[in-house]
Amino acid sequence: MKCLKCGSLLQAEEDSVICPQCASRWPVVRGIPRFFQQPSHYWGEIDRRSAAEFLASARSGSWSEAGRARFSDPDMINGIFNLQRASWLALLGLSPDACALDVGCGYGAITHSLALSVKEVCAIDAIPERIELAQERLRQEQIDNVTLVQASATDLPFFENSFDLVVLNGILEWVGEWNLEGSPRDVQVKFLSTVRRLLKDDGVAVIGIENRLNLGTLLGGIDHSGIPYTNIVPRWLATRMLRRSSAAHYRTVLNLKKEYRTYTYSARGYRKLLAEAGYGESAVYWAAPSYNEPSQLVPLEARSLIREVSLGALEHPGRPRATSWRHKAKRMFACSPLFRWVLPDFVIVASKRPARRNALEVHLDELCYRNSPVRPPEGRRMAFASFTRPFIQKSVLWPCGPRPACPPFIIKVNPRPHPAADQSVLADFTNLTRLDRRLRENTSVSFCVPKPIGSFTNGKSVYAVESSARGIKISNLIRKPGYTRNVERLKRDFSGILAGVVEMTQTLQGLENISPVDPAWYTPPEEIKQDAGLAEALEKMRYLRKDAQPLPPFWVQHGDLSVENIFWDADGGRIEVIDWGEIAAGLPPLYDVFMLIFSAALIDPSSETSSVRAPLANWQVSFSDTFLSSQGIAPVIRELLHGVCRQLEVNSDLTPALLLEFLVIRTHYHRARGETEMERTFLHLLRLSLNRSLKSGASSGTL
């Protein structure tokens, strides 16, 4: 660290850091150097009293339990606990000895993720309650490669050429508020120039920020000023609007002048800003659903992929949707060229120098392009989109440029060591390799898997490369509006798909040394145990009853056979199944079949509505229409299930009991992964099924 006054190297003592040249001194409190000391200053998502209480609870027990007990808001849970807030790490290909700086670390989620991925991290925040909570978090997680500093983002105590990565997540838009000397744009350029100097020659800055023209604020959403529309009007008018407003700010008190200083820009504006600050090149990604939860990162140049992702979000059963004219209008707008101009959030990767070549590209050249006729044109780099989900440990990189054609492969990445060795990218790749070998010995089956290409490590990150799947992703096929209105088509499509699933299931039973499912997942969830009536009903009806002698058979199955993981080649009558990281032994019969049908989220036309349903209601309606109804699409699904039972030699009378086992295991599955929303969904569906049985007086084996 360097002296903020004369720029000399600081020396550390037990209770302070000292400049030997100018004798400046800053205190070290609780092991944290304190360069920013304004006791009245506070900034955060919660008020100062709540932040202090959170910190005290974390120190007296478990930081994680303290956070989950205090916060129920999904945004806060994600912001504090989701390590995939740093999902962009998979794109960067940092060197094994990389050093990163997290500016404005808050409660430490991104810092935590970085610490598990790179050699060394420095994290700063100006607010003592936040930096000390991050310290307690890291201490309890036994992470010792992080240096914490209380400092202002606009006055960074570090030397030039110190970092391979600087993270500015939700920071750039605010620096004009924190430094009132000069125009906000000039402050931002100066700040970005400073960050550029901190980077090593091969370093990158990652910026998470909103689009000035984002659709939410165009429709009246709150801007950083605390009032609507100030981001889209001329800056001078925004200042007048702010001065006329008496609304309290949602995070903190803005500057006393009430001057509008929280500037954001369009993608083109950010590129110009970064070029003015001296960066060699920049890549702008649409971050969906937000830059604080970048589960999907799509380069703005990949227009067809932006369209596909936006349509997928509209039709996903976990999102509110309706058949109203508004929903149809959203679909039309998502398909229009205008949509990419009003995307909500960006993640921007800015390189200090042009044509930065990272370790990922070097490995791919050797692995994928060495004998391939398709290579990136000279001077043009391969662009990737990144896909993941909150709270999981894997990202999938999808090549999406440059043209002509991209090589047909995808890359799976564990950007940090995976806590469960049997669920890592390497385990997925090993399973895929074994299956590919078996299928090459038996070419008559109507299902296939991607071709394993190779794997490599880069520092703490693990990469596995496989061929991209062929055919149409089933989710894209069945989630089009009105799909279930053509019952004959539904029956024809699923007959072909399930034929491939049957052959897949039969093939899997010959695999050896497959890790078993956690036996604890067979037990009823605690919420069911606490209800004596439901617990008794479950025990009477389930497949795995305590009095079952001998124990019923269990199978090796894919484990996560959702419609997103199956591609359908209707002409060839084949399915291609991806993502083999969840394969497990000891799953009840038909588990994969139930997962496929459930994830399809089929809703009978009679249940369609013009109003918007909450995600849980969508899943409930779909589950009832598919498995519990006696009319509409349910008889078709029941007929298909009976056909599968005949082919797999399962007594069709057992399907209700096997469905209950599926719901029990999926509840535990999502609980173990921290996916709270889906855990609650499956628990609700389990209750729904049991209550329905109790009301109808169903006997064992029926719902």
# chains A, B, ... in the order shown; residues from 1 in each chain; ligands from 1
>>> residues_around(residues="Ala51 (chain A)", least_positions_apart="5", cutoff="12 Å", atoms="only C-alpha atoms", output="PyMOL selection string")
chain A and resi 42-46+56-58+66-67+70-71+106-107+127-134
>>> select_by_dssp(residues="region 539-674 of chain A", states="alpha helix (DSSP H)", output="JSON, numbers by chain")
{"A": [539, 540, 541, 591, 592, 593, 594, 595, 596, 597, 598, 599, 600, 615, 616, 617, 618, 619, 620, 621, 622, 623, 634, 635, 636, 637, 638, 639, 640, 641, 642, 643, 644, 645, 646, 647, 648, 655, 656, 657, 658, 659, 660, 661, 662, 663, 664, 665, 666, 667, 668, 669, 670, 671, 672]}
>>> closest_atom_pairs(of="region 248-316 of chain A", to="region 196-210 of chain A", cutoff="10 Å", atoms="only C-alpha atoms", output="CSV")
residue,atom,partner,partner_atom,distance
A:Tyr263,CA,A:Glu210,CA,10.0
A:Thr264,CA,A:Glu210,CA,6.8
A:Tyr265,CA,A:Glu210,CA,7.9
A:Ser266,CA,A:Glu210,CA,8.6
A:Ala267,CA,A:Glu210,CA,9.6
A:Tyr270,CA,A:Ile209,CA,9.9
A:Leu274,CA,A:Arg196,CA,9.6
A:Ala277,CA,A:Arg196,CA,7.8
A:Gly278,CA,A:Arg196,CA,7.4
A:Tyr279,CA,A:Arg196,CA,7.0
A:Gly280,CA,A:Arg196,CA,10.0
A:Glu281,CA,A:Val204,CA,9.8
A:Ser282,CA,A:Ala205,CA,9.3
A:Ala283,CA,A:Val206,CA,9.8
A:Val284,CA,A:Ile207,CA,9.4
A:Tyr285,CA,A:Gly208,CA,9.7
A:Trp286,CA,A:Glu210,CA,9.9
A:Ala287,CA,A:Gly208,CA,8.4
A:Ser290,CA,A:Glu210,CA,8.4
A:Tyr291,CA,A:Gly208,CA,5.2
A:Asn292,CA,A:Gly208,CA,7.4
A:Pro294,CA,A:Gly208,CA,9.2
>>> atom_distance(atom1="CA of Val563 (chain A)", atom2="CA of Pro417 (chain A)")
28.0 Å
>>> atom_distance(atom1="CA of Leu654 (chain A)", atom2="CA of Pro589 (chain A)")
9.5 Å
>>> residues_around(residues="region 465-469 of chain A", least_positions_apart="5", cutoff="12 Å", atoms="only C-alpha atoms", output="NGL selection string")
:A and (360 or 363-364 or 366-368 or 396-400 or 406-413 or 425-426 or 428-430 or 432-433 or 436 or 447-457 or 474 or 564-569 or 574-580)
>>> atom_distance(atom1="CA of Phe333 (chain A)", atom2="CA of Asp493 (chain A)")
28.8 Å
>>> select_by_dssp(residues="region 489-689 of chain A", states="strand (DSSP E)", output="PyMOL selection string")
chain A and resi 555-557+566-569+574-577+584-587
>>> closest_residue(among="A:Ala584, A:Ala334, A:Val175, A:Ala126", to="Pro39 (chain A)", atoms="only C-alpha atoms")
A:Ala126
>>> residues_around(residues="region 624-641 of chain A", least_positions_apart="4", cutoff="7 Å", atoms="only C-alpha atoms", output="list in words")
Lys491, Ser495, Leu602, Ile603, Asp604, Gln620 and Cys645 of chain A
>>> residues_around(residues="Ala600 (chain A)", least_positions_apart="2", cutoff="8 Å", atoms="only C-alpha atoms", output="list of chain:residue names")
A:Ser475, A:Ile478, A:Arg479, A:Ser562, A:Val563, A:Leu596, A:Ile597, A:Phe598, A:Leu602
>>> write_last_selection(atoms="N, CA and C atoms", output="short mmCIF file (atom, residue, chain, number, x, y, z; two decimals), in the first residue's frame")
data_model
loop_
_atom_site.label_atom_id
_atom_site.label_comp_id
_atom_site.auth_asym_id
_atom_site.auth_seq_id
_atom_site.Cartn_x
_atom_site.Cartn_y
_atom_site.Cartn_z
N SER A 475 -37.00 -27.50 -24.29
CA SER A 475 -37.66 -26.35 -23.69
C SER A 475 -38.08 -25.34 -24.75
N ILE A 478 -41.38 -26.85 -26.56
CA ILE A 478 -42.67 -27.03 -25.88
C ILE A 478 -43.18 -25.78 -25.17
N ARG A 479 -42.32 -24.77 -24.98
CA ARG A 479 -42.77 -23.60 -24.23
C ARG A 479 -43.25 -22.47 -25.13
N SER A 562 -33.99 -32.42 -16.98
CA SER A 562 -34.96 -31.38 -17.28
C SER A 562 -35.04 -31.16 -18.79
N VAL A 563 -36.05 -30.42 -19.21
CA VAL A 563 -36.21 -30.14 -20.64
C VAL A 563 -35.10 -29.25 -21.18
N LEU A 596 -38.44 -34.98 -16.22
CA LEU A 596 -38.67 -34.48 -17.57
C LEU A 596 -40.07 -33.87 -17.69
N ILE A 597 -41.08 -34.60 -17.26
CA ILE A 597 -42.46 -34.13 -17.42
C ILE A 597 -42.72 -32.93 -16.52
N PHE A 598 -42.21 -32.98 -15.29
CA PHE A 598 -42.41 -31.85 -14.38
C PHE A 598 -41.78 -30.58 -14.94
N LEU A 602 -46.11 -28.14 -18.38
CA LEU A 602 -47.24 -28.12 -19.30
C LEU A 602 -48.50 -27.65 -18.57
#
>>> closest_residue(among="A:Ile171, A:Leu538, A:Ile77, A:Ala248", to="Thr676 (chain A)", atoms="only C-alpha atoms")
A:Ile77
>>> residues_around(residues="Tyr260 (chain A)", least_positions_apart="2", cutoff="8 Å", atoms="only C-alpha atoms", output="list of chain:residue names")
A:Ser225, A:Thr230, A:Arg235, A:Trp236, A:Ala238, A:Thr239, A:Leu242, A:Lys258, A:Thr262, A:Tyr263
>>> write_last_selection(atoms="C-alpha atoms", output="PDB file, in the first residue's frame")
ATOM      1  CA  SER A 225     -31.280   9.659  -7.628  1.00  0.00           C
ATOM      2  CA  THR A 230     -33.606  11.332 -14.009  1.00  0.00           C
ATOM      3  CA  ARG A 235     -28.500  16.037 -16.950  1.00  0.00           C
ATOM      4  CA  TRP A 236     -29.391  19.672 -16.175  1.00  0.00           C
ATOM      5  CA  ALA A 238     -32.368  15.827 -13.815  1.00  0.00           C
ATOM      6  CA  THR A 239     -30.769  18.252 -11.353  1.00  0.00           C
ATOM      7  CA  LEU A 242     -33.956  16.310  -7.942  1.00  0.00           C
ATOM      8  CA  LYS A 258     -28.971  18.080  -4.750  1.00  0.00           C
ATOM      9  CA  THR A 262     -25.069   9.465 -10.617  1.00  0.00           C
ATOM     10  CA  TYR A 263     -24.354   9.216 -14.327  1.00  0.00           C
TER      11      TYR A 263
END
>>> residues_around(residues="Ile124 (chain A)", least_positions_apart="5", cutoff="9 Å", atoms="only C-alpha atoms", output="list in words")
Leu101, Asp102, Val103, Gly104, Cys105, Gly106, Ile131, Thr147, Leu148, Val149, Gln150, Ala151, Ser152, Ala153 and Leu156 of chain A
>>> write_last_selection(atoms="C-alpha atoms", output="JSON list (two decimals), in the first residue's frame")
[["chain", "number", "residue", "atom", "x", "y", "z"],
["A", 101, "LEU", "CA", -8.95, -5.94, -5.99],
["A", 102, "ASP", "CA", -12.65, -5.75, -5.03],
["A", 103, "VAL", "CA", -13.70, -2.11, -4.73],
["A", 104, "GLY", "CA", -16.75, -1.65, -2.50],
["A", 105, "CYS", "CA", -16.81, -5.23, -1.22],
["A", 106, "GLY", "CA", -19.92, -4.76, 0.97],
["A", 131, "ILE", "CA", -15.87, -4.33, 5.99],
["A", 147, "THR", "CA", -6.37, -8.21, 2.78],
["A", 148, "LEU", "CA", -9.16, -5.92, 4.01],
["A", 149, "VAL", "CA", -8.86, -2.14, 3.93],
["A", 150, "GLN", "CA", -11.31, 0.58, 4.95],
["A", 151, "ALA", "CA", -10.87, 3.17, 2.23],
["A", 152, "SER", "CA", -12.77, 5.34, -0.21],
["A", 153, "ALA", "CA", -13.16, 4.16, -3.79],
["A", 156, "LEU", "CA", -7.21, 4.13, -3.32]]
>>> closest_residue(among="A:Ser24, A:Ser386, A:Asn691, A:Thr484", to="Glu536 (chain A)", atoms="only C-alpha atoms")
A:Asn691
>>> closest_residue(among="A:Thr681, A:Thr655, A:Thr505, A:Gln557", to="Pro615 (chain A)", atoms="only C-alpha atoms")
A:Thr681
>>> closest_residue(among="A:Arg438, A:Arg48, A:Glu539, A:Lys473", to="Glu512 (chain A)", atoms="only C-alpha atoms")
A:Arg438
